[in-house]
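S.K.: Just one file: entry20.txt, with compact mmCIF, N, CA and C atoms.
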```txt
# COMPACT_ATOMS: atom_id res chain seq x y z
N MET A 4 -89.57 -23.68 59.34
CA MET A 4 -88.42 -24.51 59.19
C MET A 4 -87.68 -24.15 57.91
N GLU A 5 -88.42 -24.03 56.83
CA GLU A 5 -87.78 -23.67 55.56
C GLU A 5 -87.12 -22.30 55.66
N ALA A 6 -87.72 -21.38 56.43
CA ALA A 6 -87.15 -20.04 56.59
C ALA A 6 -85.77 -20.11 57.24
N PHE A 7 -85.50 -21.17 57.99
CA PHE A 7 -84.20 -21.36 58.62
C PHE A 7 -83.24 -22.14 57.73
N GLY A 8 -83.68 -22.50 56.52
CA GLY A 8 -82.82 -23.21 55.59
C GLY A 8 -82.80 -24.72 55.78
N ILE A 9 -83.81 -25.25 56.48
CA ILE A 9 -83.88 -26.69 56.71
C ILE A 9 -84.79 -27.31 55.66
N ASP A 10 -84.30 -28.31 54.98
CA ASP A 10 -85.07 -29.01 53.96
C ASP A 10 -86.24 -29.73 54.63
N PRO A 11 -87.47 -29.49 54.17
CA PRO A 11 -88.64 -30.16 54.77
C PRO A 11 -88.54 -31.68 54.71
N ALA A 12 -87.77 -32.21 53.80
CA ALA A 12 -87.59 -33.66 53.73
C ALA A 12 -86.87 -34.19 54.96
N ASN A 13 -86.19 -33.30 55.69
CA ASN A 13 -85.46 -33.70 56.89
C ASN A 13 -86.26 -33.43 58.17
N ALA A 14 -87.52 -33.11 58.02
CA ALA A 14 -88.35 -32.79 59.18
C ALA A 14 -88.93 -34.05 59.80
N PHE A 15 -89.10 -34.01 61.09
CA PHE A 15 -89.77 -35.06 61.83
C PHE A 15 -91.08 -34.47 62.31
N GLY A 16 -92.18 -34.87 61.71
CA GLY A 16 -93.46 -34.25 61.99
C GLY A 16 -94.13 -34.75 63.25
N PHE A 17 -94.96 -33.89 63.82
CA PHE A 17 -95.75 -34.21 65.00
C PHE A 17 -97.16 -33.70 64.78
N TRP A 18 -98.12 -34.44 65.28
CA TRP A 18 -99.50 -33.97 65.26
C TRP A 18 -99.67 -32.88 66.31
N SER A 19 -100.64 -32.03 66.13
CA SER A 19 -100.86 -30.92 67.06
C SER A 19 -101.24 -31.40 68.45
N TRP A 20 -101.77 -32.61 68.58
CA TRP A 20 -102.21 -33.11 69.88
C TRP A 20 -101.09 -33.78 70.68
N VAL A 21 -99.91 -33.90 70.09
CA VAL A 21 -98.79 -34.54 70.79
C VAL A 21 -98.18 -33.53 71.75
N GLY A 22 -98.22 -33.84 73.04
CA GLY A 22 -97.66 -32.95 74.04
C GLY A 22 -96.14 -32.94 74.04
N GLY A 23 -95.56 -31.84 74.44
CA GLY A 23 -94.11 -31.75 74.57
C GLY A 23 -93.36 -31.80 73.26
N ARG A 24 -93.98 -31.38 72.19
CA ARG A 24 -93.36 -31.48 70.87
C ARG A 24 -92.03 -30.75 70.80
N TYR A 25 -91.84 -29.75 71.61
CA TYR A 25 -90.62 -28.94 71.53
C TYR A 25 -89.75 -29.08 72.76
N SER A 26 -90.04 -30.05 73.60
CA SER A 26 -89.32 -30.20 74.86
C SER A 26 -88.16 -31.18 74.72
N VAL A 27 -87.04 -30.81 75.29
CA VAL A 27 -85.88 -31.70 75.30
C VAL A 27 -86.21 -33.01 75.99
N ASP A 28 -87.08 -32.96 76.99
CA ASP A 28 -87.40 -34.18 77.73
C ASP A 28 -88.60 -34.93 77.16
N SER A 29 -88.93 -34.67 75.90
CA SER A 29 -89.98 -35.43 75.22
C SER A 29 -89.31 -36.36 74.20
N ALA A 30 -90.11 -36.98 73.37
CA ALA A 30 -89.58 -37.90 72.37
C ALA A 30 -88.56 -37.23 71.45
N ILE A 31 -88.73 -35.95 71.20
CA ILE A 31 -87.79 -35.24 70.32
C ILE A 31 -86.38 -35.23 70.90
N GLY A 32 -86.28 -35.32 72.21
CA GLY A 32 -84.98 -35.34 72.85
C GLY A 32 -84.26 -36.67 72.75
N THR A 33 -84.91 -37.68 72.17
CA THR A 33 -84.28 -38.98 72.00
C THR A 33 -82.96 -38.86 71.24
N ILE A 34 -82.90 -37.93 70.33
CA ILE A 34 -81.68 -37.75 69.55
C ILE A 34 -80.49 -37.42 70.45
N LEU A 35 -80.75 -36.74 71.57
CA LEU A 35 -79.66 -36.46 72.51
C LEU A 35 -79.05 -37.74 73.05
N ALA A 36 -79.91 -38.69 73.40
CA ALA A 36 -79.41 -39.97 73.91
C ALA A 36 -78.65 -40.72 72.84
N VAL A 37 -79.10 -40.61 71.62
CA VAL A 37 -78.44 -41.31 70.51
C VAL A 37 -77.08 -40.69 70.22
N VAL A 38 -77.04 -39.37 70.13
CA VAL A 38 -75.82 -38.68 69.73
C VAL A 38 -74.84 -38.48 70.90
N LEU A 39 -75.37 -38.06 72.05
CA LEU A 39 -74.50 -37.71 73.17
C LEU A 39 -74.38 -38.80 74.22
N GLY A 40 -75.30 -39.75 74.20
CA GLY A 40 -75.28 -40.83 75.17
C GLY A 40 -76.31 -40.63 76.25
N PRO A 41 -76.81 -41.74 76.80
CA PRO A 41 -77.85 -41.64 77.82
C PRO A 41 -77.39 -40.93 79.08
N HIS A 42 -76.10 -40.91 79.35
CA HIS A 42 -75.61 -40.22 80.56
C HIS A 42 -75.92 -38.72 80.51
N VAL A 43 -75.96 -38.16 79.31
CA VAL A 43 -76.29 -36.74 79.17
C VAL A 43 -77.75 -36.51 79.56
N CYS A 44 -78.63 -37.38 79.07
CA CYS A 44 -80.06 -37.26 79.42
C CYS A 44 -80.26 -37.45 80.91
N GLU A 45 -79.56 -38.40 81.49
CA GLU A 45 -79.68 -38.63 82.93
C GLU A 45 -79.21 -37.42 83.73
N ALA A 46 -78.19 -36.73 83.24
CA ALA A 46 -77.69 -35.54 83.94
C ALA A 46 -78.71 -34.40 83.92
N LEU A 47 -79.60 -34.40 82.94
CA LEU A 47 -80.62 -33.36 82.83
C LEU A 47 -81.83 -33.61 83.74
N LEU A 48 -82.01 -34.85 84.18
CA LEU A 48 -83.21 -35.20 84.94
C LEU A 48 -83.45 -34.36 86.19
N PRO A 49 -82.43 -34.07 87.01
CA PRO A 49 -82.69 -33.23 88.19
C PRO A 49 -83.26 -31.85 87.83
N GLY A 50 -82.79 -31.27 86.75
CA GLY A 50 -83.32 -29.97 86.32
C GLY A 50 -84.75 -30.07 85.85
N PHE A 51 -85.06 -31.16 85.14
CA PHE A 51 -86.45 -31.37 84.71
C PHE A 51 -87.36 -31.49 85.93
N LEU A 52 -86.93 -32.24 86.92
CA LEU A 52 -87.73 -32.41 88.14
C LEU A 52 -87.93 -31.08 88.85
N THR A 53 -86.88 -30.28 88.94
CA THR A 53 -86.98 -28.97 89.58
C THR A 53 -88.03 -28.11 88.88
N MET A 54 -88.00 -28.08 87.56
CA MET A 54 -88.96 -27.27 86.82
C MET A 54 -90.38 -27.83 86.94
N ASP A 55 -90.51 -29.17 86.90
CA ASP A 55 -91.83 -29.77 87.08
C ASP A 55 -92.43 -29.39 88.43
N GLU A 56 -91.61 -29.47 89.47
CA GLU A 56 -92.09 -29.12 90.81
C GLU A 56 -92.44 -27.64 90.89
N HIS A 57 -91.66 -26.80 90.25
CA HIS A 57 -91.95 -25.36 90.25
C HIS A 57 -93.32 -25.10 89.63
N PHE A 58 -93.55 -25.67 88.45
CA PHE A 58 -94.83 -25.43 87.78
C PHE A 58 -95.99 -26.09 88.50
N ARG A 59 -95.73 -27.18 89.20
CA ARG A 59 -96.79 -27.86 89.94
C ARG A 59 -97.20 -27.09 91.18
N THR A 60 -96.25 -26.40 91.81
CA THR A 60 -96.54 -25.79 93.09
C THR A 60 -96.67 -24.27 93.08
N ALA A 61 -96.12 -23.62 92.11
CA ALA A 61 -96.15 -22.14 92.07
C ALA A 61 -97.49 -21.62 91.57
N ALA A 62 -97.82 -20.44 92.04
CA ALA A 62 -99.01 -19.75 91.51
C ALA A 62 -98.77 -19.45 90.05
N PRO A 63 -99.79 -19.51 89.21
CA PRO A 63 -99.59 -19.28 87.77
C PRO A 63 -98.83 -17.99 87.46
N ALA A 64 -99.09 -16.94 88.18
CA ALA A 64 -98.41 -15.68 87.91
C ALA A 64 -96.92 -15.73 88.30
N ALA A 65 -96.54 -16.71 89.09
CA ALA A 65 -95.16 -16.80 89.56
C ALA A 65 -94.32 -17.81 88.78
N THR A 66 -94.92 -18.48 87.80
CA THR A 66 -94.15 -19.46 87.05
C THR A 66 -93.12 -18.77 86.18
N LEU A 67 -92.13 -19.51 85.80
CA LEU A 67 -91.03 -18.95 85.01
C LEU A 67 -91.28 -18.99 83.52
N ALA A 68 -92.51 -19.29 83.11
CA ALA A 68 -92.81 -19.45 81.70
C ALA A 68 -92.71 -18.17 80.95
```
Could you express the structure from this file as structure tokens?

M.R.:
Amino acid sequence: MEAFGIDPANAFGFWSWVGGRYSVDSAIGTILAVVLGPHVCEALLPGFLTMDEHFRTAAPAATLA
């Protein structure tokens, strides 16, 4: 973070056991709802569902990860 010029005092920390730490659809994405409005988050839901279904049903070698 510091290498990108971000002051560590402005960091929002997460424990290593917290899942989805870097996902827009996790708690970190709450800022989107605050800044852009909940309608933006709602518009993203179909895409999240599509990706969830892909990872749930595809063979590991076929996932888009």

S.K.: Using DSSP on the backbone, list every residue of chain A that comes out as helix (DSSP H, G or I), and give them as number ranges by chain.

M.R.: A: 5-7, 11-13, 30-39, 41-60, 63-65

S.K.: One number please: CA of Ser26 (chain A) to CA of Phe51 (chain A), in Å, one decimal.

M.R.: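 Computed distance, CA of Ser26 (chain A) to CA of Phe51 (chain A), equals 10.3 Å.
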
S.K.: So how far away is CA of Pro49 (chain A) from CA of Ser29 (chain A), in Å?

M.R.: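 Distance between the two atoms: 15.0 Å.
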
S.K.: Could you tell me how far atom N of Glu5 (chain A) sits from atom C of Val21 (chain A), in Å to one decimal place?

M.R.: 20.2 Å

S.K.: Which residue out of A:Phe15, A:His57, A:Met4, A:Ile9 has the minimum interatomic distance to Ile34 (chain A) when only C-alpha atoms are used?

M.R.: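 Of all the options, A:Phe15 lies closest to Ile34 (chain A).
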